[in-house]
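*Asks:* Below is the file model_10.cif, with mmCIF, C-alpha atoms and all ligand atoms; chains and numbers go by the auth columns.
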```
data_input
#
loop_
_atom_site.group_PDB
_atom_site.id
_atom_site.type_symbol
_atom_site.label_atom_id
_atom_site.label_comp_id
_atom_site.label_asym_id
_atom_site.label_seq_id
_atom_site.Cartn_x
_atom_site.Cartn_y
_atom_site.Cartn_z
_atom_site.B_iso_or_equiv
_atom_site.auth_seq_id
_atom_site.auth_asym_id
ATOM 1 C CA MET A 1 -16.760 -3.614 -2.793 0.00 1 W
ATOM 2 C CA ALA A 2 -19.577 -3.395 -0.317 0.00 2 W
ATOM 3 C CA PRO A 3 -19.604 -0.278 1.782 0.00 3 W
ATOM 4 C CA GLU A 4 -18.801 -0.935 5.407 0.00 4 W
ATOM 5 C CA ALA A 5 -18.811 1.257 8.444 0.00 5 W
ATOM 6 C CA ALA A 6 -15.212 2.059 9.091 0.00 6 W
ATOM 7 C CA SER A 7 -15.682 2.276 12.822 0.00 7 W
ATOM 8 C CA ALA A 8 -17.253 -1.139 13.325 0.00 8 W
ATOM 9 C CA PRO A 9 -14.818 -3.970 13.986 0.00 9 W
ATOM 10 C CA PRO A 10 -15.417 -7.009 11.804 0.00 10 W
ATOM 11 C CA LEU A 11 -17.571 -9.584 13.499 0.00 11 W
ATOM 12 C CA ARG A 12 -17.222 -13.290 12.951 0.00 12 W
ATOM 13 C CA ARG A 13 -19.906 -15.824 13.555 0.00 13 W
ATOM 14 C CA CYS A 14 -19.450 -19.135 15.292 0.00 14 W
ATOM 15 C CA VAL A 15 -20.685 -21.957 13.065 0.00 15 W
ATOM 16 C CA VAL A 16 -22.156 -23.819 16.025 0.00 16 W
ATOM 17 C CA CYS A 17 -23.897 -21.305 18.276 0.00 17 W
ATOM 18 C CA ARG A 18 -24.157 -18.495 15.704 0.00 18 W
ATOM 19 C CA ARG A 19 -22.970 -15.962 18.194 0.00 19 W
ATOM 20 C CA GLN A 20 -20.973 -13.129 16.779 0.00 20 W
ATOM 21 C CA GLY A 21 -17.761 -11.999 18.253 0.00 21 W
ATOM 22 C CA GLY A 22 -14.537 -10.260 17.514 0.00 22 W
ATOM 23 C CA LYS A 23 -11.807 -12.105 15.758 0.00 23 W
ATOM 24 C CA ALA A 24 -9.845 -12.603 18.964 0.00 24 W
ATOM 25 C CA GLY A 25 -12.514 -14.738 20.564 0.00 25 W
ATOM 26 C CA LEU A 26 -12.984 -17.048 17.621 0.00 26 W
ATOM 27 C CA LEU A 27 -10.864 -19.767 16.090 0.00 27 W
ATOM 28 C CA ARG A 28 -10.423 -19.804 12.360 0.00 28 W
ATOM 29 C CA VAL A 29 -10.327 -22.850 10.167 0.00 29 W
ATOM 30 C CA VAL A 30 -9.425 -22.309 6.556 0.00 30 W
ATOM 31 C CA ARG A 31 -10.147 -24.354 3.500 0.00 31 W
ATOM 32 C CA GLY A 32 -6.983 -25.511 1.813 0.00 32 W
ATOM 33 C CA ALA A 33 -6.128 -27.758 -1.092 0.00 33 W
ATOM 34 C CA ASP A 34 -6.309 -30.872 1.063 0.00 34 W
ATOM 35 C CA GLY A 35 -9.294 -29.983 3.151 0.00 35 W
ATOM 36 C CA ALA A 36 -9.560 -27.920 6.273 0.00 36 W
ATOM 37 C CA ALA A 37 -6.537 -26.559 8.083 0.00 37 W
ATOM 38 C CA ALA A 38 -6.033 -24.680 11.311 0.00 38 W
ATOM 39 C CA ASP A 39 -5.387 -20.983 10.910 0.00 39 W
ATOM 40 C CA PRO A 40 -4.020 -19.757 14.238 0.00 40 W
ATOM 41 C CA ALA A 41 -3.028 -16.369 12.851 0.00 41 W
ATOM 42 C CA GLY A 42 -6.371 -15.898 11.123 0.00 42 W
ATOM 43 C CA ARG A 43 -4.711 -14.615 8.009 0.00 43 W
ATOM 44 C CA ALA A 44 -4.527 -17.581 5.697 0.00 44 W
ATOM 45 C CA GLN A 45 -5.896 -17.184 2.219 0.00 45 W
ATOM 46 C CA GLY A 46 -9.071 -18.958 1.332 0.00 46 W
ATOM 47 C CA ARG A 47 -12.511 -19.510 2.669 0.00 47 W
ATOM 48 C CA GLY A 48 -12.579 -19.487 6.434 0.00 48 W
ATOM 49 C CA ALA A 49 -15.002 -20.662 9.064 0.00 49 W
ATOM 50 C CA TYR A 50 -15.074 -19.651 12.693 0.00 50 W
ATOM 51 C CA VAL A 51 -15.917 -21.337 15.934 0.00 51 W
ATOM 52 C CA CYS A 52 -15.782 -19.714 19.320 0.00 52 W
ATOM 53 C CA ARG A 53 -13.609 -20.982 22.127 0.00 53 W
ATOM 54 C CA ARG A 54 -16.398 -22.131 24.341 0.00 54 W
ATOM 55 C CA PRO A 55 -15.997 -25.814 25.209 0.00 55 W
ATOM 56 C CA GLU A 56 -19.663 -26.487 24.541 0.00 56 W
ATOM 57 C CA CYS A 57 -19.201 -25.401 20.948 0.00 57 W
ATOM 58 C CA LEU A 58 -15.917 -27.213 20.457 0.00 58 W
ATOM 59 C CA ARG A 59 -17.404 -30.410 21.834 0.00 59 W
ATOM 60 C CA ASP A 60 -20.654 -30.106 19.974 0.00 60 W
ATOM 61 C CA GLY A 61 -21.368 -33.146 17.843 0.00 61 W
ATOM 62 C CA ARG A 62 -22.326 -30.930 14.935 0.00 62 W
ATOM 63 C CA LEU A 63 -19.027 -29.089 14.885 0.00 63 W
ATOM 64 C CA THR A 64 -17.316 -30.974 12.077 0.00 64 W
ATOM 65 C CA ARG A 65 -20.446 -30.988 9.969 0.00 65 W
ATOM 66 C CA MET A 66 -21.035 -27.295 10.477 0.00 66 W
ATOM 67 C CA LEU A 67 -17.429 -26.450 9.667 0.00 67 W
ATOM 68 C CA ALA A 68 -17.412 -28.613 6.561 0.00 68 W
ATOM 69 C CA GLN A 69 -20.657 -27.043 5.450 0.00 69 W
ATOM 70 C CA SER A 70 -19.399 -23.540 6.044 0.00 70 W
ATOM 71 C CA LEU A 71 -16.173 -24.256 4.182 0.00 71 W
ATOM 72 C CA ARG A 72 -18.129 -25.982 1.425 0.00 72 W
ATOM 73 C CA LEU A 73 -15.992 -29.053 1.635 0.00 73 W
ATOM 74 C CA ASP A 74 -17.239 -31.950 -0.398 0.00 74 W
ATOM 75 C CA GLY A 75 -18.524 -35.020 1.332 0.00 75 W
ATOM 76 C CA GLY A 76 -15.271 -36.861 0.967 0.00 76 W
ATOM 77 C CA MET A 77 -13.231 -34.174 2.643 0.00 77 W
ATOM 78 C CA GLY A 78 -13.954 -33.626 6.266 0.00 78 W
ATOM 79 C CA ILE A 79 -12.376 -31.795 9.111 0.00 79 W
ATOM 80 C CA GLY A 80 -9.232 -33.743 9.889 0.00 80 W
ATOM 81 C CA ALA A 81 -8.035 -34.874 13.278 0.00 81 W
ATOM 82 C CA PRO A 82 -5.172 -32.320 13.401 0.00 82 W
ATOM 83 C CA VAL A 83 -7.658 -29.498 13.046 0.00 83 W
ATOM 84 C CA LEU A 84 -9.886 -30.889 15.771 0.00 84 W
ATOM 85 C CA THR A 85 -6.927 -31.444 18.051 0.00 85 W
ATOM 86 C CA TRP A 86 -5.881 -27.856 17.554 0.00 86 W
ATOM 87 C CA LEU A 87 -9.380 -26.544 18.149 0.00 87 W
ATOM 88 C CA HIS A 88 -9.827 -28.495 21.342 0.00 88 W
ATOM 89 C CA GLY A 89 -6.458 -27.286 22.549 0.00 89 W
ATOM 90 C CA GLN A 90 -7.643 -23.691 22.211 0.00 90 W
ATOM 91 C CA ALA A 91 -10.765 -24.119 24.297 0.00 91 W
ATOM 92 C CA GLU A 92 -11.357 -21.687 27.059 0.00 92 W
ATOM 93 C CA PRO A 93 -11.919 -23.413 30.365 0.00 93 W
ATOM 94 C CA GLY A 94 -14.385 -20.699 31.259 0.00 94 W
ATOM 95 C CA PRO A 95 -14.597 -18.521 34.325 0.00 95 W
ATOM 96 C CA GLY A 96 -13.835 -20.466 37.444 0.00 96 W
ATOM 97 C CA ALA A 97 -13.959 -23.769 35.683 0.00 97 W
ATOM 98 C CA SER A 98 -11.259 -26.351 35.927 0.00 98 W
ATOM 99 C CA ILE A 99 -10.624 -29.011 33.336 0.00 99 W
ATOM 100 C CA ASP A 100 -10.151 -31.809 35.819 0.00 100 W
ATOM 101 C CA ALA A 101 -12.583 -30.692 38.494 0.00 101 W
ATOM 102 C CA GLY A 102 -14.157 -33.928 39.527 0.00 102 W
ATOM 103 C CA ALA A 103 -15.587 -33.254 42.946 0.00 103 W
ATOM 104 C CA GLY A 104 -16.223 -29.558 43.095 0.00 104 W
ATOM 105 C CA ARG A 105 -19.977 -29.488 43.169 0.00 105 W
HETATM 106 ZN ZN ZN B . -19.976 -20.949 19.577 0.00 201 W
#
```
Reformat the file's structure so that it appears as structure tokens.
Ligand SMILES: [Zn+2]
*Replies:*
Amino acid sequence: MAPEAASAPPLRRCVVCRRQGGKAGLLRVVRGADGAAADPAGRAQGRGAYVCRRPECLRDGRLTRMLAQSLRLDGGMGIGAPVLTWLHGQAEPGPGASIDAGAGR
């Protein structure tokens, strides 16, 4: 067991932007028997990888590769569509932003 400061909350790191944040701000994907799976509660057993809720991270073209790498999935097993659908559904629109704002600027 590595000694840890009891007062410091655990920080998770987004696989895309490498920013650290508390568990609440990050989405967890866990490695399961059949590849990656969404872990909304953040408590599933197994190796987990985190991505923050920022749309720019969730839409980043490297996302699936970074997640697969972090989860150490073999080349044949990727991040499935259900996981990506879940992730994209959790995206924060951001302050003042609107998903379907077409002519705001
Ligand atoms: Zn990020």
*Asks:* Using all atoms listed in the file, which residue out of W:Arg72, W:His88, W:Arg19, W:Arg47 lies closest to ligand ZN 201 (chain W)?
*Replies:* W:Arg19
*Asks:* Kindly indicate which residue among W:Ser7, W:Thr64, W:Gln20, W:Gln69 lies nearest to ligand ZN 201 (chain W), using all atoms listed in the file for the distances.
*Replies:*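 Smallest separation from ligand ZN 201 (chain W) among the options: W:Gln20.
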*Asks:* Within 12 Å of ligand ZN 201 (chain W), which residues show up when you count all atoms listed in the file? List them as a VMD selection string, please.
*Replies:* chain W and resid 12 to 21 25 to 27 49 to 60 62 to 63 66 to 67 91 to 92
*Asks:* Identify all residues satisfying the PyMOL selection byres (((chain W and resi 39) around 6) and not hetatm) in the given file; provide them as a ChimeraX atom specification.
*Replies:* /W:28-29,38,40-42
*Asks:* Could you jot down the CA of Leu11 (chain W) to CA of Gly78 (chain W) separation for me, Å, one decimal place?
*Replies:*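 A separation of 25.4 Å between them.
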*Asks:* I'd like the interatomic distance between CA of Arg43 (chain W) and CA of Ala24 (chain W), to a tenth of an Å.
*Replies:*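 Here the two named atoms are 12.3 Å from each other.
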*Asks:* So what do you get for CA of Gln90 (chain W) versus CA of Asp74 (chain W), distance-wise?
*Replies:* 25.9 Å
